[in-house]
Number of protein chains: 2
Amino acid sequence: MNQPRILEVRTRILKDNDRIARDLRRQFVQTGTFVVSLVSSPGAGKTTLLQKTLTELSSRYRVAALVGDLATENDAKRLAESGVPVRQIVTGTVCHLEAAMIAEALKGWDLRALDILFIENVGNLVCPSSYDLGEHLRFVLLSTTEGEDKPLKYPTIFNTADVAVLTKTDLADAVGFDYAEAERSVQRVRPGMKIIATSSRNPDGLREYLGFLENRFQEFRCSVNGSSEK
Amino acid sequence: MNQPRILEVRTRILKDNDRIARDLRRQFVQTGTFVVSLVSSPGAGKTTLLQKTLTELSSRYRVAALVGDLATENDAKRLAESGVPVRQIVTGTVCHLEAAMIAEALKGWDLRALDILFIENVGNLVCPSSYDLGEHLRFVLLSTTEGEDKPLKYPTIFNTADVAVLTKTDLADAVGFDYAEAERSVQRVRPGMKIIATSSRNPDGLREYLGFLENRFQEFRCSVNGSSEK
């Protein structure tokens, strides 16, 4: 009965978000800042992966992070241990980040001083899928302990992400994780999607992931420099 | 800018939900059906726990289940292996179940033929917290692989649930799970909340949980019979 009006309001929120996200993306290109976001269910390992990523990359690049949570600044504190600038976005009861929250959190930051900005979304496999944050690359994390069927049950988030990152592969044997079945689940929902296996506990467990990230950053920089030279 | 109108629409949806949930709860009391819901993040083990619960209880009670998911009927198929009646609610893009979905899914079911009805919510630690489903008991599941801090980061869902169920305790050592820290997290958010440790892999791992469930069911039946005898 109230459906049309609710839909209208929702559509307007999404339109506003898309406009702000577009502005953010334009700004990131101007400042040469590559922006990467991470989405997953709670406890899939976003903060641990990001902590290692910041530590690994901070010697070679100027990196920073924004982290969204309903409550607490725990994640920002954990990430700040890497020594890079981190800001927490506390969303209250909102189950996702929105472009306007990113714009607000970036106020006063000199983006020209940043090579790569990471955005850790609220732990949720549903809500974040509708909100473009202006990022250039979106990782969806999937942990071995969650089971192989998550892509089939949460198809939208897999469709809005660019790459799937499989986390906690060190626990794969303990939980009887079936790689082939997980691969089939991802491919059924999103044919051709790249999947990168990781383990934050294994010293070598992030090699492919970090290599991929650096390649994408270099490609971004080339495309930005190429377009500014024209 | 649009905030007041959005808030107004949201408030109306919640009011409608509460009214329907109240009607459902009244109906469940009339038919003597004890209703238990399960909420958690994706992959915390709701379906596995429910599968074991239905199998265990079906020899002594008339049990059934409703299961919510964005897409697929995988969970309903898994649960139907227990031999009890199961219905799937496919929510599309909606990240939670609502009382109206429960009312719709129950159409044509004779509730008098059911002792205990289980409702498995969509995997989400945020959205389900605002929606009363008319249940008598709400379990929030928390798996050892998600880490100890989930109650602090998703306080609302822990505040709307009655009991916390810790799942996958068989993996506690492998992931270095700290029971005392998890207990502190729960108690900080919800002082006095009961926590029941479970393992669906250990033959004895559901004993406390099943005992608790049966006690609560008996209490419900006594209170229902007591009030009908007056």
# chains A, B, ... in the order shown; residues from 1 in each chain; ligands from 1
>>> residues_around(residues="stretch 19-24 of chain A", least_positions_apart="2", cutoff="9 Å", atoms="only C-alpha atoms", output="PyMOL selection string")
chain A and resi 14-17+26-29+98-100+102-103+131-135
>>> write_last_selection(atoms="all heavy atoms", output="tab-separated table (two decimals), in the first residue's frame")
chain	number	residue	atom	x	y	z
A	14	LEU	N	19.23	6.79	-3.31
A	14	LEU	CA	20.23	6.16	-4.15
A	14	LEU	C	20.75	7.13	-5.21
A	14	LEU	O	21.93	7.15	-5.51
A	14	LEU	CB	19.66	4.89	-4.79
A	14	LEU	CG	19.50	3.73	-3.81
A	14	LEU	CD1	18.85	2.55	-4.50
A	14	LEU	CD2	20.84	3.32	-3.21
A	15	LYS	N	19.84	7.95	-5.76
A	15	LYS	CA	20.27	8.92	-6.78
A	15	LYS	C	21.24	9.93	-6.17
A	15	LYS	O	22.24	10.26	-6.75
A	15	LYS	CB	19.06	9.65	-7.36
A	15	LYS	CG	18.46	8.91	-8.54
A	15	LYS	CD	17.49	9.80	-9.29
A	15	LYS	CE	16.75	9.02	-10.35
A	15	LYS	NZ	15.45	9.60	-10.66
A	16	ASP	N	20.90	10.42	-4.97
A	16	ASP	CA	21.79	11.37	-4.28
A	16	ASP	C	23.14	10.71	-4.05
A	16	ASP	O	24.18	11.33	-4.24
A	16	ASP	CB	21.19	11.77	-2.91
A	16	ASP	CG	20.04	12.76	-3.07
A	16	ASP	OD1	19.85	13.26	-4.20
A	16	ASP	OD2	19.34	13.02	-2.07
A	17	ASN	N	23.11	9.44	-3.61
A	17	ASN	CA	24.36	8.74	-3.34
A	17	ASN	C	25.21	8.64	-4.60
A	17	ASN	O	26.42	8.86	-4.57
A	17	ASN	CB	24.07	7.34	-2.78
A	17	ASN	CG	25.34	6.64	-2.35
A	17	ASN	OD1	25.86	6.90	-1.27
A	17	ASN	ND2	25.88	5.79	-3.20
A	26	ARG	N	35.63	11.54	-9.31
A	26	ARG	CA	36.30	12.57	-10.12
A	26	ARG	C	37.44	13.21	-9.32
A	26	ARG	O	38.55	13.40	-9.81
A	26	ARG	CB	35.25	13.62	-10.53
A	26	ARG	CG	35.70	14.50	-11.69
A	26	ARG	CD	34.59	15.44	-12.10
A	26	ARG	NE	33.39	14.75	-12.54
A	26	ARG	CZ	32.13	15.10	-12.23
A	26	ARG	NH1	31.90	16.12	-11.43
A	26	ARG	NH2	31.09	14.42	-12.70
A	27	GLN	N	37.13	13.47	-8.03
A	27	GLN	CA	38.13	14.07	-7.15
A	27	GLN	C	39.33	13.13	-6.95
A	27	GLN	O	40.48	13.56	-6.99
A	27	GLN	CB	37.44	14.33	-5.80
A	27	GLN	CG	38.23	15.15	-4.81
A	27	GLN	CD	37.53	15.21	-3.44
A	27	GLN	OE1	36.39	14.75	-3.28
A	27	GLN	NE2	38.21	15.76	-2.45
A	28	PHE	N	39.06	11.84	-6.78
A	28	PHE	CA	40.14	10.86	-6.57
A	28	PHE	C	41.05	10.79	-7.80
A	28	PHE	O	42.26	10.62	-7.70
A	28	PHE	CB	39.57	9.46	-6.26
A	28	PHE	CG	38.80	9.37	-4.97
A	28	PHE	CD1	37.69	8.52	-4.86
A	28	PHE	CD2	39.18	10.11	-3.85
A	28	PHE	CE1	36.98	8.42	-3.67
A	28	PHE	CE2	38.47	10.01	-2.65
A	28	PHE	CZ	37.36	9.17	-2.56
A	29	VAL	N	40.45	10.92	-8.99
A	29	VAL	CA	41.24	10.90	-10.21
A	29	VAL	C	42.12	12.16	-10.27
A	29	VAL	O	43.31	12.09	-10.58
A	29	VAL	CB	40.34	10.79	-11.47
A	29	VAL	CG1	41.11	11.11	-12.74
A	29	VAL	CG2	39.73	9.40	-11.55
A	98	GLU	N	27.77	5.20	3.11
A	98	GLU	CA	27.23	5.92	1.96
A	98	GLU	C	28.28	6.91	1.49
A	98	GLU	O	29.16	7.30	2.27
A	98	GLU	CB	25.93	6.65	2.36
A	98	GLU	CG	24.85	5.69	2.79
A	98	GLU	CD	23.52	6.37	3.17
A	98	GLU	OE1	23.38	7.58	2.93
A	98	GLU	OE2	22.65	5.66	3.70
A	99	ALA	N	28.15	7.32	0.23
A	99	ALA	CA	29.13	8.24	-0.34
A	99	ALA	C	29.25	9.53	0.49
A	99	ALA	O	30.35	10.05	0.68
A	99	ALA	CB	28.76	8.55	-1.78
A	100	ALA	N	28.12	10.00	1.02
A	100	ALA	CA	28.15	11.24	1.80
A	100	ALA	C	29.00	11.07	3.08
A	100	ALA	O	29.64	12.02	3.53
A	100	ALA	CB	26.73	11.67	2.17
A	102	ILE	N	31.61	9.17	3.31
A	102	ILE	CA	33.01	9.19	2.86
A	102	ILE	C	33.45	10.64	2.65
A	102	ILE	O	34.51	11.07	3.12
A	102	ILE	CB	33.18	8.39	1.54
A	102	ILE	CG1	32.65	6.95	1.69
A	102	ILE	CG2	34.63	8.41	1.06
A	102	ILE	CD1	33.35	6.12	2.72
A	103	ALA	N	32.59	11.40	1.96
A	103	ALA	CA	32.91	12.81	1.68
A	103	ALA	C	33.13	13.57	2.99
A	103	ALA	O	34.09	14.33	3.13
A	103	ALA	CB	31.79	13.44	0.86
A	131	TYR	N	25.25	0.85	-2.55
A	131	TYR	CA	25.89	2.16	-2.38
A	131	TYR	C	27.29	2.24	-2.99
A	131	TYR	O	28.23	1.67	-2.48
A	131	TYR	CB	25.93	2.53	-0.89
A	131	TYR	CG	24.55	2.74	-0.34
A	131	TYR	CD1	23.80	1.66	0.14
A	131	TYR	CD2	23.96	3.99	-0.36
A	131	TYR	CE1	22.51	1.83	0.60
A	131	TYR	CE2	22.67	4.18	0.10
A	131	TYR	CZ	21.95	3.10	0.58
A	131	TYR	OH	20.67	3.27	1.02
A	132	ASP	N	27.35	2.97	-4.09
A	132	ASP	CA	28.64	3.29	-4.70
A	132	ASP	C	29.36	4.27	-3.79
A	132	ASP	O	28.75	5.25	-3.33
A	132	ASP	CB	28.34	3.94	-6.07
A	132	ASP	CG	29.60	4.29	-6.85
A	132	ASP	OD1	30.71	4.01	-6.35
A	132	ASP	OD2	29.46	4.82	-7.97
A	133	LEU	N	30.62	4.02	-3.46
A	133	LEU	CA	31.37	4.92	-2.58
A	133	LEU	C	32.41	5.73	-3.36
A	133	LEU	O	33.25	6.39	-2.77
A	133	LEU	CB	32.05	4.12	-1.47
A	133	LEU	CG	31.12	3.27	-0.58
A	133	LEU	CD1	31.93	2.51	0.47
A	133	LEU	CD2	30.05	4.13	0.09
A	134	GLY	N	32.36	5.62	-4.68
A	134	GLY	CA	33.34	6.34	-5.50
A	134	GLY	C	34.65	5.58	-5.61
A	134	GLY	O	35.64	6.09	-6.13
A	135	GLU	N	34.70	4.34	-5.10
A	135	GLU	CA	35.95	3.58	-5.13
A	135	GLU	C	36.26	3.08	-6.55
A	135	GLU	O	35.36	3.00	-7.39
A	135	GLU	CB	35.88	2.39	-4.16
A	135	GLU	CG	34.94	1.24	-4.54
A	135	GLU	CD	33.53	1.41	-4.00
A	135	GLU	OE1	32.87	2.41	-4.39
A	135	GLU	OE2	33.05	0.54	-3.24
>>> select_by_dssp(residues="stretch 2-198 of chain B", states="strand (DSSP E)", output="ChimeraX atom specification")
/B:34-39,63-69,86-90,116-120,137-143,163-167,194-197
>>> write_last_selection(atoms="C-alpha atoms", output="PDB file, in the first residue's frame")
ATOM      1  CA  PHE B  34       6.243 -21.944  20.780  1.00  0.00           C
ATOM      2  CA  VAL B  35       8.163 -19.809  18.274  1.00  0.00           C
ATOM      3  CA  VAL B  36      11.944 -19.498  18.283  1.00  0.00           C
ATOM      4  CA  SER B  37      13.984 -17.348  15.894  1.00  0.00           C
ATOM      5  CA  LEU B  38      17.675 -17.443  14.998  1.00  0.00           C
ATOM      6  CA  VAL B  39      19.702 -14.438  13.850  1.00  0.00           C
ATOM      7  CA  VAL B  63       8.320 -29.118  14.864  1.00  0.00           C
ATOM      8  CA  ALA B  64       8.547 -27.048  11.681  1.00  0.00           C
ATOM      9  CA  ALA B  65      10.683 -24.246  10.258  1.00  0.00           C
ATOM     10  CA  LEU B  66      10.499 -21.093   8.167  1.00  0.00           C
ATOM     11  CA  VAL B  67      13.752 -19.959   6.623  1.00  0.00           C
ATOM     12  CA  GLY B  68      14.573 -16.571   5.104  1.00  0.00           C
ATOM     13  CA  ASP B  69      17.150 -15.896   2.406  1.00  0.00           C
ATOM     14  CA  VAL B  86       9.911 -26.408   6.076  1.00  0.00           C
ATOM     15  CA  ARG B  87       9.012 -23.314   4.075  1.00  0.00           C
ATOM     16  CA  GLN B  88      11.430 -20.905   2.427  1.00  0.00           C
ATOM     17  CA  ILE B  89      10.842 -17.157   2.399  1.00  0.00           C
ATOM     18  CA  VAL B  90      12.798 -15.529  -0.430  1.00  0.00           C
ATOM     19  CA  ILE B 116       7.589 -25.541  18.101  1.00  0.00           C
ATOM     20  CA  LEU B 117       8.096 -23.362  15.046  1.00  0.00           C
ATOM     21  CA  PHE B 118      11.627 -22.196  14.219  1.00  0.00           C
ATOM     22  CA  ILE B 119      12.336 -19.110  12.129  1.00  0.00           C
ATOM     23  CA  GLU B 120      15.783 -18.711  10.571  1.00  0.00           C
ATOM     24  CA  LEU B 137      12.562 -16.578  22.060  1.00  0.00           C
ATOM     25  CA  ARG B 138      15.284 -15.060  19.890  1.00  0.00           C
ATOM     26  CA  PHE B 139      18.748 -16.607  19.720  1.00  0.00           C
ATOM     27  CA  VAL B 140      21.660 -14.581  18.363  1.00  0.00           C
ATOM     28  CA  LEU B 141      24.435 -16.849  17.105  1.00  0.00           C
ATOM     29  CA  LEU B 142      28.074 -15.895  17.312  1.00  0.00           C
ATOM     30  CA  SER B 143      30.716 -18.213  15.875  1.00  0.00           C
ATOM     31  CA  VAL B 163      20.148 -15.588  24.519  1.00  0.00           C
ATOM     32  CA  ALA B 164      23.550 -15.734  22.786  1.00  0.00           C
ATOM     33  CA  VAL B 165      24.558 -19.071  21.254  1.00  0.00           C
ATOM     34  CA  LEU B 166      28.265 -19.544  20.657  1.00  0.00           C
ATOM     35  CA  THR B 167      28.753 -21.855  17.639  1.00  0.00           C
ATOM     36  CA  LYS B 194      22.979 -15.982  28.970  1.00  0.00           C
ATOM     37  CA  ILE B 195      25.555 -17.528  26.608  1.00  0.00           C
ATOM     38  CA  ILE B 196      25.274 -21.159  25.532  1.00  0.00           C
ATOM     39  CA  ALA B 197      28.333 -22.790  23.936  1.00  0.00           C
TER      40      ALA B 197
END
>>> interface_residues(of="chain B", to="chain A", cutoff="8 Å", atoms="only C-alpha atoms", output="list in words")
Ile6, Val9, Ser41, Pro42, Gly43, Ala44, Gly45, Asp69, Leu70, Ala71, Thr72, Thr93, Val94, Cys95, Asn124, Leu125, Val126, Cys127, Thr145, Glu146, Gly147, Lys150, Leu152, Lys153, Tyr154, Pro155, Thr156, Leu171 and Ala174 of chain B
>>> atom_distance(atom1="atom CA of B:Arg216", atom2="atom CA of B:Ala172")
27.7 Å
>>> select_by_dssp(residues="stretch 1-107 of chain B", states="helix (DSSP H, G or I)", output="VMD selection string")
chain B and resid 3 to 31 46 to 57 74 to 80 99 to 105
